[in-house]
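Here is the structure we will look at, set down as structure tokens.
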Amino acid sequence: MRTDKIYSLSKVLQEEGILFCYSGYMTEDVLLSIGKAIKEKLMLENADKSVIRGIFSIFVEEMQNVIRYSGQMESKVSANSMLELRFGILSVGRKQLANDQESFFVACGNMVSPTDAQRLKTNLDHIQALDAQELKTLYKQTLKGKSPEGSKGAGVGFIDIARKSKRGFEYDFIDISTDRTFFSITAYA
Amino acid sequence: MDHVRIEATERTPEVYFDFNGHYFSLRGEAYPEDTNAFFGPLMNQLEDYFQTLDEATITFEFELIYFNSSTAKVLMMLFELLDATAARNNAVKVHWIYEADDDNMEVLGEEYGEDLEHVDFSLVPKEA
């Protein structure tokens with residue numbers, strides 16, 4: 001890669017207030033190392049302890065979503081094991097919000113199928129419209145109920161993200177092709 | 001089998017189950033790579049053991065620094081199990097220990113505690 005390309009990439013990240021960015025295959029080992037780096041970086045930035053806890057928690061949920069559900073994946077099946085690698089992009093940054101407050105954020109993006117995109121949108125539209133009390137009720141109901149079909153986790157990750165996003169969250173979808181949609185979510189702690 | 005002891009890792013808690021002493025604890029971080037693989041066998045052991053109890057007094061301590069949403073679901077199942085055990089003629093004490101400045105961990109504890117009908121649940125703030 002040419003130096004000027006790398007420089008312009010790093011400049012874009014800087015302009016977006018990004019302190020940390022990872023793009024590539026995500027695994028649980030990558031999660032562990034990045035998680036440590038993010039905590040250390042936020043401590044150096046003198047972030048509140050409660051903000052660091054919130055960011056870390058959102059980071060784990062977003063990252064595990066990619067590891068489990070990203071639609072862009074490579075897999076190799078052998079006699080007694082299956083290797084699956086899923087692709088995504090994750091960044092942590094700092095942004096001046098409209099009300100002149102500064103907020104740390106975790107932004108994450110990955111490919112999904114159009115069917116999953118529709119399901120995610122319905123879910124997230126619903127969650128975003130809830131107030132704190134309603135989120136708490138839904139959170140507890142989901143913890144007590146069965147995981148939604150096709151879910152490898154508790155199906156409660158996005159509700160948890162919404163509860164930890166003290167300054168809200170936003171998400172969007174871009175149709176890339178007939179069978180690929182790019183999904184991203186940014187949560188402000 | 002009279003006890004289970006699993007050392008903590010960066011992402012899994014220290015587990016100590018003293019079956020004869022009726023004392024159980026989970027301490028540390030909880031965001032396992034595979035939640036069911038880590039907690040599944042432990043939950044089975046607790047379920048089997050609690051079945052056998054009658055007029056027993058047991059203590060369960062939670063001192064968690066962080067747990068992810070799939071662990072939150074396991075904890076909910078564990079609290080339901082503890083409440084059912086307490087409903088059957090046993091005394092169950094739960095201590096939810098958290099760092100005094102960690103409001104989030106305090107709220108999570110309150111939320112588990114408020115649904116319990118038979119367990120003697122207490123929030124225990126700990127100064128850092």
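Going by the structure tokens order, chains are called A, B, ..., each with residues numbered from 1, while ligands are numbered from 1 in the order shown.
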Per residue of chain A within 7 Å of chain B, what are the shortest atom pair and its distance in Å to one decimal, counting only C-alpha atoms, with rows by chain and residue number, as JSON lines?
{"residue": "A:Glu28", "atom": "CA", "partner": "B:Glu33", "partner_atom": "CA", "distance": 6.2}
{"residue": "A:Ser50", "atom": "CA", "partner": "B:Asp102", "partner_atom": "CA", "distance": 6.9}
{"residue": "A:Ser57", "atom": "CA", "partner": "B:Asn68", "partner_atom": "CA", "distance": 7.0}
{"residue": "A:Leu143", "atom": "CA", "partner": "B:Lys73", "partner_atom": "CA", "distance": 4.8}
{"residue": "A:Lys144", "atom": "CA", "partner": "B:Met76", "partner_atom": "CA", "distance": 6.6}
{"residue": "A:Gly153", "atom": "CA", "partner": "B:Ser70", "partner_atom": "CA", "distance": 5.5}
{"residue": "A:Ala154", "atom": "CA", "partner": "B:Ser70", "partner_atom": "CA", "distance": 4.7}
{"residue": "A:Val156", "atom": "CA", "partner": "B:Ser69", "partner_atom": "CA", "distance": 6.1}
{"residue": "A:Gly157", "atom": "CA", "partner": "B:Ser69", "partner_atom": "CA", "distance": 5.7}
{"residue": "A:Asp160", "atom": "CA", "partner": "B:Ser69", "partner_atom": "CA", "distance": 6.7}
Set the distance at 12 Å and use only C-alpha atoms: which residues neighbour segment 118-120 of chain A once local chain neighbours fewer than 5 positions away are removed? I'd like the list as an NGL selection string.
:A and (65 or 69 or 112-113 or 125-128 or 148-150 or 155 or 157-159 or 171-175 or 180-185)
Name the residues in contact with segment 93-105 of chain A at a cut-off of 7 Å, using only C-alpha atoms, excluding same-chain residues fewer than 6 positions from it; report them as a ChimeraX atom specification.
/A:17-20,186-189
Among chain B, which residues carry a DSSP assignment of alpha helix (DSSP H), reported as a VMD selection string?
chain B and resid 35 to 51 69 to 87 103 to 113
